[in-house]
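Report on the following structure.
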Amino acid sequence: MPEHGHLGQRTGVERADVPEAGPPAAAVRRTGLLVTLLLGGLTATPPLAMDMYLPSLPEVTDALHAPAATVQLTLTACLLGMALGQLVVGPMSDRWGRRRPLLAGLVVYVVATALCALAPTVEFLVGFRLAQGLAGAAGIVIARAVVRDLYDGVAMARFFSTLMLIGGVAPIVAPLIGGQILRVTDWRGVFVVLTFIGALLAALVWARLPETLPTAERHTGGVGEALHSMRRLLADLPFTGYLLTGGFAFAALFAYISASPFVIQEIYGASPQTFSLLFGVNSVGLVIVGQINGKLLVGRVSLDRVLGVGLLVVTAAAAALLLMATGTFGEVGLAPVAAALFVLMSAMGVTLPNAQSLALLRTKHSAGSASALLGTSSFLIGAIASPLVGMAGEDTAVPMAVVQLAAALVALTCFMAMCRPWNRRATTEGAGS
């Protein structure tokens with residue numbers, strides 16, 4: 001196994017320029033745990049920015065006198081910003097290290113989130129959400145790059161599952177917090193809380209997260225070298241296949257995130273608190289399956305095989321949702337729909353981390369650029385899915401189910417046609433495992 005495979009045991013120690021003798025083993029473990037929690041916090045940036053805000057979408061529609069489709073653009077703008085921002089921040093982190101671009105992004109994220117709380121119109125809110133997404137991209141892309149700096153092979157796949165556990169707490173807690181915030185204040189209070197969370201995360205990163213990319217391993221070129229690195233990565237067919245597989249799987253997930261507040265609350269008449277509870281239960285399923293993936297499956301079962309099964313389950317759940325939404329099974333209540341959404345969300349616990357791990361295993365260098373491509377593709381495809389689920393209005397769940405099924409089928413097709421999972425040599429060549 002390459003040198004990276006051993007670095008996971010020294011998280012936050014060697015990178016912090018500690019003398020060779022090193023601190024006691026207990027200090028090493030404490031440092032490693034803290035870095036793990038910080039990376040989890042950075043990974044939780046998207047669900048915090050998205051999910052805490054979800055229960056307030058109908059209220060924003062009324063407060064700003066805007067149609068539901070326009071209010072959903074506030075989600076799309078944030079997602080689009082996170083997609084484009086990663087293309088910039090990823091190569092920057094390969095050139096200047098991980099800490100400086102990360103801290104700059106977090107500071108701007110805090111300012112943009114505070115402005116969201118002050119937005120006078122939906123147009124201003126869309127603009128501020130775009131800025132929030134652009135800045136928040138730093139946490140997403142650099143967290144993945146740091147993991148690639150420290151881990152390789154099976155260890156990296158397991159660490160991604162650990163991040164799934166930590167990051168999975170955010171979508172469980174965020175809607176519940178959002179629903180409770182709406183009991184005492186309006187939707188603007190949600191962004192006030194997000195501002196404080198972002199400021200706390202920035203302070204912890206500044207104080208405790210060491211640099212993980214040595215100066216000798218940084219790229220000295222400019223934009224041209226970054227573009228060349230991205231072209232080289234995209235020329236690798238399996239890498240692009242995993243990129244598209246993960247991107248379209250994320251689109252199915254984001255169709256749920258974008259449409260479920262209206263489907264659950266407007267169509268089935270649930271309260272914001274009930275919606276938050278259901279969203280939390282679904283996130284628990286994602287976390288549990290992610291931990292089964294990391295603790296039991298990784299290292300024992302082929303990552304490709306687990307990814308393929310996950311895609312099949314997502315496709316089956318989306319097909320069931322479409323059949324229910326179109327009335328094939330007659331009039332159905334909230335329980336069957338919630339069950340299908342639970343299965344779909346839970347399957348993401350093996351689909352998303354394994355797609356990312358298999359893609360990053362294709363590259364030993366340019367982890368920032370590779371992470372940027374992975375994140376950008378997912379968020380761009382997800383940003384397209386968001387307005388599509390609202391095209392038919394707020395009175396039907398059919399658009400959500402159609403987008404989910406289409407995205408799942410495209411993801412499965414890309415996986416089979418481009419990644420060639422039956423060809424072990426093709427899927428591991430260049431992986432360094």
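Every chain in the structure tokens takes a letter, A first, then B, and so on in the order presented; its residues are numbered from 1, and the ligands are numbered from 1 following the presented order.
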Find the spatial neighbours of Phe159 (chain A), counting only C-alpha atoms, within a cut-off of 10 Å - ignore same-chain residues fewer than 3 positions away - and output them as a list in words. Gly8, Thr36, Val147, Arg148, Leu150, Tyr151, Asp152, Val154, Ala155, Met156, Thr162, Leu163, Met164, Leu165, Gly294, Lys295, Pro353 and Ser357 of chain A
Give me the residues within 8 Å of Ala251 (chain A) as a PDB file with N, CA and C atoms, in the first residue's frame, counting only C-alpha atoms and dropping any in the same chain fewer than 4 places off.
ATOM      1  N   GLY A 247     -23.033  11.654  -9.255  1.00  0.00           N
ATOM      2  CA  GLY A 247     -23.766  12.886  -9.530  1.00  0.00           C
ATOM      3  C   GLY A 247     -25.252  12.657  -9.727  1.00  0.00           C
ATOM      4  N   ALA A 255     -33.684  15.716  -5.377  1.00  0.00           N
ATOM      5  CA  ALA A 255     -35.094  15.829  -5.750  1.00  0.00           C
ATOM      6  C   ALA A 255     -35.965  15.608  -4.524  1.00  0.00           C
ATOM      7  N   SER A 378     -21.913  16.642  -8.910  1.00  0.00           N
ATOM      8  CA  SER A 378     -23.067  16.294  -8.084  1.00  0.00           C
ATOM      9  C   SER A 378     -23.980  17.491  -7.869  1.00  0.00           C
ATOM     10  N   PHE A 379     -23.392  18.634  -7.537  1.00  0.00           N
ATOM     11  CA  PHE A 379     -24.205  19.801  -7.217  1.00  0.00           C
ATOM     12  C   PHE A 379     -24.834  20.419  -8.462  1.00  0.00           C
ATOM     13  N   ILE A 381     -25.743  18.745 -11.230  1.00  0.00           N
ATOM     14  CA  ILE A 381     -26.844  17.864 -11.620  1.00  0.00           C
ATOM     15  C   ILE A 381     -27.996  18.006 -10.627  1.00  0.00           C
ATOM     16  N   GLY A 382     -27.667  18.131  -9.336  1.00  0.00           N
ATOM     17  CA  GLY A 382     -28.702  18.335  -8.339  1.00  0.00           C
ATOM     18  C   GLY A 382     -29.422  19.656  -8.511  1.00  0.00           C
ATOM     19  N   ALA A 383     -28.682  20.703  -8.907  1.00  0.00           N
ATOM     20  CA  ALA A 383     -29.298  22.012  -9.132  1.00  0.00           C
ATOM     21  C   ALA A 383     -30.304  21.963 -10.275  1.00  0.00           C
ATOM     22  N   ALA A 385     -32.072  19.280 -10.989  1.00  0.00           N
ATOM     23  CA  ALA A 385     -33.208  18.495 -10.499  1.00  0.00           C
ATOM     24  C   ALA A 385     -34.170  19.340  -9.678  1.00  0.00           C
ATOM     25  N   GLN A 404     -36.552  11.409  -9.730  1.00  0.00           N
ATOM     26  CA  GLN A 404     -35.780  10.420  -8.977  1.00  0.00           C
ATOM     27  C   GLN A 404     -35.530   9.160  -9.790  1.00  0.00           C
ATOM     28  N   ALA A 407     -33.087   9.903 -12.735  1.00  0.00           N
ATOM     29  CA  ALA A 407     -31.718  10.073 -12.258  1.00  0.00           C
ATOM     30  C   ALA A 407     -31.112   8.732 -11.853  1.00  0.00           C
TER      31      ALA A 407
END
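You will find CA of Thr328 (chain A) at 21.3 Å from CA of Phe262 (chain A).
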Please indicate the distance in Å from CA of Phe248 (chain A) to CA of Pro387 (chain A), rounded to one decimal place. 15.3 Å
Rows by chain and residue number, region 206-309 of chain A within 12 Å of region 128-142 of chain A, shortest pair, only C-alpha atoms, as a Markdown table:
| residue | atom | partner | partner_atom | distance |
| --- | --- | --- | --- | --- |
| A:Leu209 | CA | A:Ile142 | CA | 11.7 |
| A:Glu211 | CA | A:Ile142 | CA | 11.0 |
| A:Thr212 | CA | A:Ile142 | CA | 10.3 |
| A:Leu213 | CA | A:Ile142 | CA | 10.8 |
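When only C-alpha atoms are used to compute distances to Tyr53 (chain A), the closest of the residues A:Leu115, A:Val314, A:Val184, A:Ile257 turns out to be A:Ile257.
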What are the closest atom pairs, with distances in Å to one decimal, for each residue of region 370-413 of chain A lying within 7 Å of region 74-87 of chain A, using only C-alpha atoms, rows by chain and rising residue number, as JSON lines?
{"residue": "A:Ala372", "atom": "CA", "partner": "A:Gln86", "partner_atom": "CA", "distance": 4.8}
{"residue": "A:Leu373", "atom": "CA", "partner": "A:Leu87", "partner_atom": "CA", "distance": 6.7}
{"residue": "A:Gly375", "atom": "CA", "partner": "A:Ala83", "partner_atom": "CA", "distance": 6.3}
{"residue": "A:Thr376", "atom": "CA", "partner": "A:Ala83", "partner_atom": "CA", "distance": 4.0}
{"residue": "A:Ser377", "atom": "CA", "partner": "A:Ala83", "partner_atom": "CA", "distance": 7.0}
{"residue": "A:Phe379", "atom": "CA", "partner": "A:Ala83", "partner_atom": "CA", "distance": 4.9}
{"residue": "A:Leu380", "atom": "CA", "partner": "A:Ala83", "partner_atom": "CA", "distance": 5.6}
{"residue": "A:Ala383", "atom": "CA", "partner": "A:Thr76", "partner_atom": "CA", "distance": 4.9}
{"residue": "A:Ser386", "atom": "CA", "partner": "A:Thr76", "partner_atom": "CA", "distance": 6.0}
Could you list, as a short mmCIF file (atom, residue, chain, number, x, y, z; two decimals) with all heavy atoms, in the first residue's frame, every residue within 10 Å of Pro336 (chain A), counting only C-alpha atoms and ignoring same-chain residues fewer than 4 positions away?
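For reference, around-v8.cif as written:
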data_model
loop_
_atom_site.label_atom_id
_atom_site.label_comp_id
_atom_site.auth_asym_id
_atom_site.auth_seq_id
_atom_site.Cartn_x
_atom_site.Cartn_y
_atom_site.Cartn_z
N ALA A 320 -41.28 2.64 -7.17
CA ALA A 320 -42.43 2.47 -6.29
C ALA A 320 -43.10 3.82 -5.98
O ALA A 320 -44.33 3.93 -5.96
CB ALA A 320 -42.00 1.79 -4.99
N LEU A 321 -42.29 4.85 -5.77
CA LEU A 321 -42.84 6.19 -5.52
C LEU A 321 -43.64 6.69 -6.71
O LEU A 321 -44.71 7.29 -6.56
CB LEU A 321 -41.70 7.16 -5.20
CG LEU A 321 -41.15 7.10 -3.78
CD1 LEU A 321 -39.84 7.89 -3.69
CD2 LEU A 321 -42.16 7.64 -2.78
N MET A 324 -47.01 4.96 -6.87
CA MET A 324 -47.93 5.50 -5.86
C MET A 324 -48.41 6.89 -6.23
O MET A 324 -49.58 7.22 -6.07
CB MET A 324 -47.25 5.51 -4.49
CG MET A 324 -47.13 4.13 -3.85
SD MET A 324 -46.48 4.18 -2.16
CE MET A 324 -44.72 4.40 -2.47
N VAL A 332 -53.25 6.32 -1.72
CA VAL A 332 -52.32 5.90 -0.68
C VAL A 332 -52.11 7.06 0.29
O VAL A 332 -52.20 8.23 -0.07
CB VAL A 332 -50.97 5.46 -1.26
CG1 VAL A 332 -51.14 4.24 -2.15
CG2 VAL A 332 -50.30 6.59 -2.02
N ALA A 340 -41.21 4.34 1.24
CA ALA A 340 -40.40 4.31 0.02
C ALA A 340 -39.28 5.35 0.08
O ALA A 340 -38.15 5.07 -0.35
CB ALA A 340 -41.29 4.56 -1.20
N LEU A 341 -39.58 6.52 0.61
CA LEU A 341 -38.54 7.55 0.75
C LEU A 341 -37.46 7.10 1.73
O LEU A 341 -36.27 7.39 1.55
CB LEU A 341 -39.16 8.87 1.22
CG LEU A 341 -40.01 9.60 0.19
CD1 LEU A 341 -40.72 10.79 0.82
CD2 LEU A 341 -39.16 10.08 -0.99
N PHE A 342 -37.86 6.37 2.77
CA PHE A 342 -36.89 5.84 3.73
C PHE A 342 -35.93 4.86 3.06
O PHE A 342 -34.71 4.91 3.27
CB PHE A 342 -37.61 5.17 4.89
CG PHE A 342 -36.69 4.49 5.88
CD1 PHE A 342 -36.05 5.23 6.86
CD2 PHE A 342 -36.47 3.12 5.82
CE1 PHE A 342 -35.20 4.61 7.76
CE2 PHE A 342 -35.62 2.50 6.71
CZ PHE A 342 -34.98 3.25 7.69
#
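If you measure from each of A:Ala408, A:Val289, A:Cys414, A:Ala355 to Ala319 (chain A) using only C-alpha atoms, the closest one turns out to be A:Ala408.
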Write out as a ChimeraX atom specification all residues of region 272-411 of chain A that backbone DSSP assigns to alpha helix (DSSP H). /A:272-292,303-325,334-360,367-388,398-411
Contacts of Ala174 (chain A) at 7 Å (only C-alpha atoms; same-chain gap of 4+ positions) as number ranges by chain: A: 48, 51-52, 170, 178
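The space separating CA of Phe279 (chain A) from CA of Val205 (chain A) comes to 28.8 Å.
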